[in-house]
$ cat model_18.cif   # mmCIF, C-alpha atoms
data_data
loop_
_atom_site.label_atom_id
_atom_site.label_comp_id
_atom_site.auth_asym_id
_atom_site.auth_seq_id
_atom_site.Cartn_x
_atom_site.Cartn_y
_atom_site.Cartn_z
CA MET A 1 3.81 -2.76 9.51
CA GLN A 2 3.71 0.41 11.60
CA ILE A 3 5.59 -0.60 14.74
CA ASP A 4 8.45 0.91 16.70
CA SER A 5 11.03 -1.02 14.67
CA THR A 6 9.76 0.37 11.36
CA PHE A 7 12.23 2.57 9.52
CA ILE A 8 11.24 4.90 6.70
CA ILE A 9 14.04 5.60 4.24
CA LEU A 10 13.73 8.74 2.12
CA LEU A 11 15.26 8.34 -1.33
CA ALA A 12 15.73 10.89 -4.09
CA GLY A 13 13.29 9.46 -6.64
CA ASP A 14 9.80 10.79 -7.33
CA LEU A 15 7.23 11.07 -4.55
CA PHE A 16 3.57 11.95 -5.00
CA VAL A 17 2.09 12.45 -1.54
CA ASP A 18 -1.40 11.02 -1.11
CA ASP A 19 -3.35 9.44 1.75
CA ARG A 20 -1.65 6.09 1.24
CA VAL A 21 1.81 7.64 1.54
CA GLN A 22 0.77 9.77 4.52
CA ALA A 23 -0.53 6.65 6.28
CA LEU A 24 2.89 5.03 5.92
CA CYS A 25 4.45 8.00 7.76
CA GLN A 26 2.21 7.90 10.83
CA SER A 27 4.91 6.12 12.81
CA GLY A 28 8.42 4.89 12.27
CA ARG A 29 11.93 6.25 12.48
CA ILE A 30 13.16 8.32 9.55
CA ILE A 31 16.50 8.08 7.75
CA ALA A 32 17.16 10.34 4.75
CA ALA A 33 19.60 9.15 2.10
CA ASP A 34 21.33 12.16 0.50
CA GLY A 35 18.85 13.97 -1.81
CA GLY A 36 15.93 12.08 -0.29
CA ILE A 37 15.79 14.83 2.32
CA LYS A 38 13.85 16.88 -0.25
CA HIS A 39 10.69 14.91 0.61
CA ALA A 40 10.75 15.62 4.34
CA ALA A 41 8.97 18.98 4.23
CA LYS A 42 5.99 17.87 2.12
CA LEU A 43 5.59 14.82 4.35
CA ASN A 44 5.80 17.00 7.46
CA ILE A 45 8.42 14.70 8.96
CA GLU A 46 12.00 15.17 10.06
CA PRO A 47 14.70 12.48 9.90
CA GLU A 48 16.66 11.42 12.93
CA LEU A 49 19.63 10.79 10.62
CA TRP A 50 20.74 12.09 7.24
CA LEU A 51 23.50 10.17 5.49
CA GLY A 52 25.31 9.88 2.18
CA ASP A 53 28.05 11.49 0.15
CA PHE A 54 25.80 14.56 -0.32
CA ASP A 55 26.59 14.89 -4.02
CA SER A 56 22.92 15.31 -4.97
CA THR A 57 21.64 17.60 -2.23
CA PRO A 58 20.94 21.27 -3.09
CA ASP A 59 22.74 23.78 -0.87
CA GLY A 60 19.43 25.21 0.32
CA LEU A 61 18.43 21.90 1.88
CA LYS A 62 21.82 21.55 3.54
CA GLU A 63 21.16 24.84 5.30
CA GLN A 64 17.53 24.00 6.12
CA TYR A 65 18.43 20.70 7.77
CA ASN A 66 21.84 21.55 9.22
CA HIS A 67 20.49 20.65 12.68
CA VAL A 68 19.87 17.00 11.70
CA GLN A 69 22.53 14.46 12.67
CA THR A 70 24.57 13.48 9.61
CA MET A 71 26.87 10.66 8.54
CA THR A 72 29.11 11.60 5.61
CA PHE A 73 30.66 9.04 3.26
CA ASP A 74 33.22 9.38 0.50
CA ARG A 75 31.87 9.34 -3.07
CA GLN A 76 34.19 6.41 -3.87
CA LYS A 77 32.26 4.11 -1.55
CA ALA A 78 31.20 0.57 -2.46
CA MET A 79 27.50 1.02 -1.57
CA SER A 80 24.76 3.40 -2.66
CA ASP A 81 23.42 5.95 -0.18
CA GLY A 82 20.18 3.98 -0.04
CA ALA A 83 22.02 0.75 0.77
CA LEU A 84 23.94 2.55 3.51
CA ALA A 85 20.62 3.75 4.94
CA VAL A 86 19.32 0.17 4.96
CA GLN A 87 22.48 -1.09 6.65
CA THR A 88 22.16 1.62 9.30
CA ALA A 89 18.47 0.87 9.87
CA LEU A 90 19.22 -2.82 10.37
CA GLU A 91 22.00 -1.97 12.82
CA LYS A 92 19.46 0.08 14.75
CA GLY A 93 17.11 -2.91 14.99
CA ALA A 94 14.78 -2.47 12.02
CA THR A 95 12.31 -5.29 11.41
CA SER A 96 10.39 -3.34 8.78
CA ILE A 97 11.68 -0.93 6.12
CA ILE A 98 9.63 1.37 3.88
CA PHE A 99 11.31 3.04 0.91
CA LEU A 100 9.76 6.40 -0.01
CA GLY A 101 10.85 8.11 -3.21
CA ALA A 102 12.19 4.79 -4.44
CA LEU A 103 10.83 4.95 -7.99
CA GLY A 104 10.99 7.39 -10.88
CA GLY A 105 13.50 10.19 -11.04
CA SER A 106 16.45 10.24 -13.40
CA ARG A 107 18.13 6.99 -12.29
CA SER A 108 16.24 3.82 -13.22
CA ASP A 109 19.31 1.80 -12.19
CA HIS A 110 18.83 3.01 -8.62
CA SER A 111 15.13 2.07 -8.72
CA PHE A 112 15.96 -1.45 -9.92
CA ALA A 113 18.65 -1.76 -7.25
CA VAL A 114 16.19 -0.77 -4.53
CA MET A 115 13.70 -3.33 -5.86
CA ASN A 116 16.37 -6.03 -5.67
CA GLN A 117 17.24 -4.92 -2.15
CA MET A 118 13.55 -5.04 -1.22
CA MET A 119 13.46 -8.69 -2.32
CA GLN A 120 16.67 -9.43 -0.42
CA LEU A 121 15.25 -7.89 2.75
CA HIS A 122 12.04 -9.87 2.36
CA ASP A 123 14.04 -13.09 2.01
CA ALA A 124 15.78 -12.18 5.29
CA GLY A 125 12.44 -11.81 7.10
CA ILE A 126 12.26 -8.00 7.02
CA GLU A 127 8.86 -6.55 6.10
CA THR A 128 9.36 -4.10 3.28
CA MET A 129 7.82 -2.17 0.40
CA MET A 130 8.69 0.75 -1.87
CA THR A 131 6.58 3.56 -3.26
CA SER A 132 6.56 6.74 -5.31
CA GLY A 133 2.94 7.42 -4.39
CA LEU A 134 1.96 6.68 -7.99
CA GLU A 135 3.42 3.17 -7.87
CA GLU A 136 3.83 0.75 -4.97
CA CYS A 137 5.98 -2.39 -5.01
CA TRP A 138 5.55 -5.32 -2.65
CA PRO A 139 7.52 -8.59 -2.56
CA LEU A 140 5.73 -11.87 -3.23
CA ASP A 141 6.81 -15.41 -2.45
CA ALA A 142 5.13 -18.65 -1.45
CA GLY A 143 2.07 -17.87 0.65
CA GLU A 144 -0.70 -15.27 0.53
CA PHE A 145 -0.66 -11.52 -0.05
CA GLU A 146 -3.67 -9.20 0.32
CA ILE A 147 -3.97 -5.51 -0.48
CA ASN A 148 -6.73 -2.90 -0.53
CA LEU A 149 -6.59 -0.71 -3.62
CA PRO A 150 -8.95 1.86 -5.11
CA GLU A 151 -11.67 0.18 -7.15
CA ALA A 152 -10.63 -0.26 -10.81
CA SER A 153 -6.98 0.75 -10.24
CA MET A 154 -4.24 -1.10 -12.10
CA PHE A 155 -1.76 -3.64 -10.78
CA SER A 156 0.77 -6.07 -12.22
CA ILE A 157 2.79 -9.02 -11.01
CA LEU A 158 6.39 -9.17 -12.24
CA PRO A 159 7.85 -12.68 -11.93
CA TYR A 160 11.42 -12.87 -10.62
CA GLU A 161 11.50 -16.56 -11.49
CA ASP A 162 9.08 -19.26 -12.66
CA LEU A 163 5.86 -19.19 -10.64
CA LYS A 164 3.80 -22.22 -9.65
CA GLY A 165 0.34 -22.32 -8.13
CA LEU A 166 -0.40 -18.63 -8.76
CA SER A 167 -3.96 -17.56 -7.97
CA ILE A 168 -5.47 -14.07 -8.04
CA THR A 169 -8.90 -13.08 -6.71
CA GLY A 170 -10.55 -9.67 -6.38
CA ALA A 171 -9.42 -8.70 -9.86
CA GLU A 172 -10.89 -8.17 -13.30
CA TYR A 173 -8.73 -11.02 -14.59
CA PRO A 174 -8.61 -13.73 -11.91
CA LEU A 175 -6.25 -16.67 -12.10
CA ASP A 176 -6.59 -20.10 -10.51
CA ASN A 177 -3.54 -22.17 -9.66
CA ILE A 178 -1.58 -21.45 -12.84
CA GLU A 179 2.08 -21.70 -13.75
CA THR A 180 3.92 -18.88 -15.50
CA GLU A 181 7.55 -18.55 -16.42
CA PHE A 182 10.13 -15.88 -15.67
CA GLY A 183 9.81 -13.17 -18.31
CA SER A 184 6.12 -13.81 -18.96
CA THR A 185 3.82 -10.79 -19.41
CA LEU A 186 0.66 -12.74 -18.56
CA THR A 187 0.33 -11.04 -15.17
CA LEU A 188 0.77 -7.45 -16.34
CA SER A 189 -2.04 -4.83 -16.40
CA ASN A 190 -4.74 -6.36 -14.21
CA VAL A 191 -7.51 -4.32 -12.54
CA SER A 192 -8.34 -4.44 -8.83
CA LYS A 193 -11.87 -4.84 -7.54
CA GLY A 194 -10.86 -3.15 -4.29
CA HIS A 195 -9.57 -6.03 -2.17
CA THR A 196 -7.11 -8.15 -4.13
CA LYS A 197 -5.64 -11.41 -2.93
CA VAL A 198 -2.68 -13.30 -4.40
CA SER A 199 -1.59 -16.79 -3.41
CA LEU A 200 1.52 -18.53 -4.64
CA ILE A 201 2.82 -22.04 -4.07
CA GLU A 202 6.33 -21.57 -5.40
CA GLY A 203 8.41 -18.72 -6.80
CA ARG A 204 9.22 -15.06 -6.22
CA ALA A 205 7.70 -11.97 -7.79
CA VAL A 206 6.98 -8.28 -7.26
CA PHE A 207 3.43 -6.96 -6.94
CA ILE A 208 3.28 -3.49 -8.53
CA ALA A 209 0.19 -1.42 -7.68
CA ARG A 210 -0.81 1.81 -9.44
CA PRO A 211 -3.49 3.24 -7.13
CA HIS A 212 -4.14 6.33 -9.28
CA ASP A 213 -4.17 4.56 -12.65
CA PHE A 214 -7.64 3.68 -13.93
CA SER A 215 -6.65 3.24 -17.56
CA GLY A 216 -7.57 -0.45 -17.52
CA VAL A 217 -11.32 0.15 -17.29
#
$ encode --input "model_18.cif" --output "structure tokens"
Amino acid sequence: MQIDSTFIILLAGDLFVDDRVQALCQSGRIIAADGGIKHAAKLNIEPELWLGDFDSTPDGLKEQYNHVQTMTFDRQKAMSDGALAVQTALEKGATSIIFLGALGGSRSDHSFAVMNQMMQLHDAGIETMMTSGLEECWPLDAGEFEINLPEASMFSILPYEDLKGLSITGAEYPLDNIETEFGSTLTLSNVSKGHTKVSLIEGRAVFIARPHDFSGV
């Protein structure tokens, strides 16, 4: 995923910085959406662009990053700051978008909206994922998905619609070519054996990894 057309979007949710998050920041162009600028210092990165209505940015950060190019929008806009950041990244040629600080925080509605946008981007052929450091979300559709996770860490699959031909290997609870319906909890709270592989014949879902959660063992 780390290519010149990768854009990293900083959002104002929670962000626990670990090796997995740091690896995502090794390359890519940075856009901060409003209060997401708060993560820049601990990531040791600096955005090329900072945009939003700036209603959630502390004054201290405005002074600290007053040298960064900004785009200011009215609060009565029809899009969230994160959606504006995505639109801008796509206009700049993004083929891959990583959302950092996309989960947690005080606004679960924003987290759900970013997850929906992640799925929309994936449907449009844009590589994408979202993370808080404690949780990672990846889109799933027909085909294969593989991920390396810490041994015995938790993961779940959240169906967005009915799933057909779902198989999971490299997990404590493997599945082989099963069907599960939208709303099912069958695929929650599995445990990775390090290298986990998911294959799906039909349907859409979100793979949610918890690389620091070993409560399933």
$ resolve_selection --input "model_18.cif" --expression "the PyMOL selection byres ((chain A and resi 141) around 8)" --output "PDB file with C-alpha atoms, keeping the file's coordinate frame"
ATOM      1  CA  PRO A 139       7.520  -8.590  -2.560  1.00  0.00           C
ATOM      2  CA  LEU A 140       5.730 -11.870  -3.230  1.00  0.00           C
ATOM      3  CA  ALA A 142       5.130 -18.650  -1.450  1.00  0.00           C
ATOM      4  CA  GLY A 143       2.070 -17.870   0.650  1.00  0.00           C
ATOM      5  CA  LEU A 200       1.520 -18.530  -4.640  1.00  0.00           C
ATOM      6  CA  ILE A 201       2.820 -22.040  -4.070  1.00  0.00           C
ATOM      7  CA  GLU A 202       6.330 -21.570  -5.400  1.00  0.00           C
ATOM      8  CA  GLY A 203       8.410 -18.720  -6.800  1.00  0.00           C
ATOM      9  CA  ARG A 204       9.220 -15.060  -6.220  1.00  0.00           C
ATOM     10  CA  ALA A 205       7.700 -11.970  -7.790  1.00  0.00           C
TER      11      ALA A 205
END
$ closest_atom_pairs --input "model_18.cif" --of "segment 84-141 of chain A" --to "segment 48-67 of chain A" --cutoff "12 Å" --atoms "all atoms listed in the file" --output "CSV"
residue,atom,partner,partner_atom,distance
A:Leu84,CA,A:Gly52,CA,7.6
A:Ala85,CA,A:Leu51,CA,7.1
A:Val86,CA,A:Leu51,CA,10.9
A:Gln87,CA,A:Leu51,CA,11.4
A:Thr88,CA,A:Leu51,CA,9.5
A:Ala89,CA,A:Leu49,CA,10.0
A:Lys92,CA,A:Leu49,CA,11.5
A:Ser106,CA,A:Ser56,CA,11.8
$ axis_aligned_box --input "model_18.cif" --around "segment 92-109 of chain A" --padding-each-side "6 Å" --output "AutoDock Vina command-line options"
--center_x 14.5 --center_y 2.5 --center_z 0.8 --size_x 21.8 --size_y 27.5 --size_z 40.4
$ residues_around --input "model_18.cif" --residues "segment 177-191 of chain A" --least-positions-apart "4" --cutoff "9 Å" --atoms "all atoms listed in the file" --output "PDB file with C-alpha atoms, in the frame of the given file"
ATOM      1  CA  GLU A 151     -11.670   0.180  -7.150  1.00  0.00           C
ATOM      2  CA  ALA A 152     -10.630  -0.260 -10.810  1.00  0.00           C
ATOM      3  CA  SER A 153      -6.980   0.750 -10.240  1.00  0.00           C
ATOM      4  CA  MET A 154      -4.240  -1.100 -12.100  1.00  0.00           C
ATOM      5  CA  PHE A 155      -1.760  -3.640 -10.780  1.00  0.00           C
ATOM      6  CA  SER A 156       0.770  -6.070 -12.220  1.00  0.00           C
ATOM      7  CA  ILE A 157       2.790  -9.020 -11.010  1.00  0.00           C
ATOM      8  CA  LEU A 158       6.390  -9.170 -12.240  1.00  0.00           C
ATOM      9  CA  PRO A 159       7.850 -12.680 -11.930  1.00  0.00           C
ATOM     10  CA  TYR A 160      11.420 -12.870 -10.620  1.00  0.00           C
ATOM     11  CA  GLU A 161      11.500 -16.560 -11.490  1.00  0.00           C
ATOM     12  CA  ASP A 162       9.080 -19.260 -12.660  1.00  0.00           C
ATOM     13  CA  LEU A 163       5.860 -19.190 -10.640  1.00  0.00           C
ATOM     14  CA  LYS A 164       3.800 -22.220  -9.650  1.00  0.00           C
ATOM     15  CA  GLY A 165       0.340 -22.320  -8.130  1.00  0.00           C
ATOM     16  CA  LEU A 166      -0.400 -18.630  -8.760  1.00  0.00           C
ATOM     17  CA  SER A 167      -3.960 -17.560  -7.970  1.00  0.00           C
ATOM     18  CA  ILE A 168      -5.470 -14.070  -8.040  1.00  0.00           C
ATOM     19  CA  GLY A 170     -10.550  -9.670  -6.380  1.00  0.00           C
ATOM     20  CA  ALA A 171      -9.420  -8.700  -9.860  1.00  0.00           C
ATOM     21  CA  GLU A 172     -10.890  -8.170 -13.300  1.00  0.00           C
ATOM     22  CA  TYR A 173      -8.730 -11.020 -14.590  1.00  0.00           C
ATOM     23  CA  SER A 199      -1.590 -16.790  -3.410  1.00  0.00           C
ATOM     24  CA  LEU A 200       1.520 -18.530  -4.640  1.00  0.00           C
ATOM     25  CA  ILE A 201       2.820 -22.040  -4.070  1.00  0.00           C
ATOM     26  CA  PHE A 214      -7.640   3.680 -13.930  1.00  0.00           C
ATOM     27  CA  GLY A 216      -7.570  -0.450 -17.520  1.00  0.00           C
ATOM     28  CA  VAL A 217     -11.320   0.150 -17.290  1.00  0.00           C
TER      29      VAL A 217
END
$ atom_distance --input "model_18.cif" --atom1 "atom CA of Ile147 of chain A" --atom2 "atom CA of Gly194 of chain A"
8.2 Å
$ resolve_selection --input "model_18.cif" --expression "the PyMOL selection byres ((chain A and resi 20) around 10)" --output "list in words"
Val17, Asp18, Asp19, Val21, Gln22, Ala23, Leu24, Cys25, Thr131, Gly133, Leu134, Glu136, Leu149 and Pro211 of chain A
$ closest_residue --input "model_18.cif" --among "A:Glu144, A:Ala102, A:Thr95, A:Leu175" --to "Glu127 of chain A" --atoms "all atoms listed in the file"
A:Thr95
$ closest_residue --input "model_18.cif" --among "A:Met119, A:Ala40, A:Cys137, A:Ile98" --to "Ile9 of chain A" --atoms "all atoms listed in the file"
A:Ile98
$ resolve_selection --input "model_18.cif" --expression "the PyMOL selection byres ((chain A and resi 33) around 6)" --output "VMD selection string"
chain A and resid 10 to 11 32 34 36 51 to 52 81 to 82
$ atom_distance --input "model_18.cif" --atom1 "atom CA of Lys197 of chain A" --atom2 "atom CA of Phe145 of chain A"
5.8 Å
$ closest_residue --input "model_18.cif" --among "A:Ile37, A:Ile30, A:Leu43, A:Ile97" --to "Met130 of chain A" --atoms "only C-alpha atoms"
A:Ile97
$ residues_around --input "model_18.cif" --residues "Gly104 of chain A" --least-positions-apart "6" --cutoff "10 Å" --atoms "all atoms listed in the file" --output "ChimeraX atom specification"
/A:12-15,110-111,131-132,134-135
$ closest_residue --input "model_18.cif" --among "A:Val114, A:Gly125, A:Val68, A:Leu103" --to "Ala83 of chain A" --atoms "only C-alpha atoms"
A:Val114
$ atom_distance --input "model_18.cif" --atom1 "atom CA of Gln76 of chain A" --atom2 "atom CA of His39 of chain A"
25.4 Å
$ residues_around --input "model_18.cif" --residues "Leu90 of chain A" --least-positions-apart "6" --cutoff "10 Å" --atoms "all atoms listed in the file" --output "list in words"
Ser5, Phe7, Leu84, Ser96, Ile97, Leu121 and Ile126 of chain A
$ write_last_selection --input "model_18.cif" --atoms "C-alpha atoms" --output "compact mmCIF listing (two decimals), in the frame of the given file"
# COMPACT_ATOMS: atom_id res chain seq x y z
CA SER A 5 11.03 -1.02 14.67
CA PHE A 7 12.23 2.57 9.52
CA LEU A 84 23.94 2.55 3.51
CA SER A 96 10.39 -3.34 8.78
CA ILE A 97 11.68 -0.93 6.12
CA LEU A 121 15.25 -7.89 2.75
CA ILE A 126 12.26 -8.00 7.02
$ decode --input "model_18.cif" --residues "segment 26-102 of chain A" --atoms "C-alpha atoms" --output "short mmCIF file (atom, residue, chain, number, x, y, z; two decimals), in the first residue's frame"
data_model
loop_
_atom_site.label_atom_id
_atom_site.label_comp_id
_atom_site.auth_asym_id
_atom_site.auth_seq_id
_atom_site.Cartn_x
_atom_site.Cartn_y
_atom_site.Cartn_z
CA GLN A 26 6.79 5.48 6.46
CA SER A 27 5.65 7.00 3.18
CA GLY A 28 2.63 8.79 1.83
CA ARG A 29 1.31 12.31 1.64
CA ILE A 30 -0.37 13.70 4.75
CA ILE A 31 -3.64 15.61 4.99
CA ALA A 32 -4.94 16.65 8.41
CA ALA A 33 -8.68 17.09 8.87
CA ASP A 34 -9.35 19.76 11.52
CA GLY A 35 -8.54 18.35 15.00
CA GLY A 36 -6.69 15.41 13.45
CA ILE A 37 -3.62 17.64 13.44
CA LYS A 38 -3.17 16.70 17.11
CA HIS A 39 -1.66 13.36 16.05
CA ALA A 40 1.08 14.83 13.86
CA ALA A 41 3.63 15.44 16.60
CA LYS A 42 3.52 11.97 18.15
CA LEU A 43 3.79 10.43 14.69
CA ASN A 44 6.71 12.72 13.85
CA ILE A 45 5.06 13.74 10.59
CA GLU A 46 3.86 17.03 9.18
CA PRO A 47 0.89 17.43 6.82
CA GLU A 48 1.21 19.10 3.45
CA LEU A 49 -2.36 20.36 3.90
CA TRP A 50 -4.63 21.08 6.85
CA LEU A 51 -8.31 21.56 6.11
CA GLY A 52 -11.69 21.88 7.78
CA ASP A 53 -13.89 24.37 9.55
CA PHE A 54 -11.43 24.37 12.49
CA ASP A 55 -14.16 24.18 15.11
CA SER A 56 -12.41 21.39 17.03
CA THR A 57 -8.78 22.51 16.92
CA PRO A 58 -7.20 23.93 20.12
CA ASP A 59 -5.65 27.38 19.72
CA GLY A 60 -2.24 26.04 20.68
CA LEU A 61 -2.17 23.73 17.67
CA LYS A 62 -3.27 26.53 15.37
CA GLU A 63 -0.19 28.46 16.46
CA GLN A 64 2.12 25.43 16.28
CA TYR A 65 1.11 24.58 12.72
CA ASN A 66 0.43 28.06 11.35
CA HIS A 67 3.07 27.42 8.66
CA VAL A 68 1.10 24.52 7.13
CA GLN A 69 -1.04 25.29 4.08
CA THR A 70 -4.71 25.44 5.06
CA MET A 71 -8.10 25.22 3.37
CA THR A 72 -10.91 26.70 5.48
CA PHE A 73 -14.56 25.73 5.05
CA ASP A 74 -17.73 27.13 6.56
CA ARG A 75 -19.28 25.14 9.41
CA GLN A 76 -22.56 24.94 7.46
CA LYS A 77 -20.96 22.72 4.81
CA ALA A 78 -22.58 19.56 3.43
CA MET A 79 -19.58 17.27 4.06
CA SER A 80 -17.55 16.31 7.12
CA ASP A 81 -13.94 17.48 7.38
CA GLY A 82 -12.84 13.88 6.85
CA ALA A 83 -14.92 13.57 3.68
CA LEU A 84 -13.43 16.83 2.40
CA ALA A 85 -9.96 15.41 3.06
CA VAL A 86 -10.84 12.30 1.04
CA GLN A 87 -12.20 14.40 -1.81
CA THR A 88 -9.02 16.47 -1.83
CA ALA A 89 -6.80 13.37 -1.76
CA LEU A 90 -8.65 11.88 -4.73
CA GLU A 91 -8.31 15.15 -6.63
CA LYS A 92 -4.57 14.96 -5.99
CA GLY A 93 -4.42 11.46 -7.49
CA ALA A 94 -4.76 9.16 -4.48
CA THR A 95 -5.01 5.45 -5.25
CA SER A 96 -4.66 4.46 -1.60
CA ILE A 97 -6.05 6.15 1.52
CA ILE A 98 -5.21 5.37 5.15
CA PHE A 99 -7.37 6.86 7.91
CA LEU A 100 -5.48 7.43 11.16
CA GLY A 101 -7.43 8.43 14.27
CA ALA A 102 -10.58 7.14 12.61
#
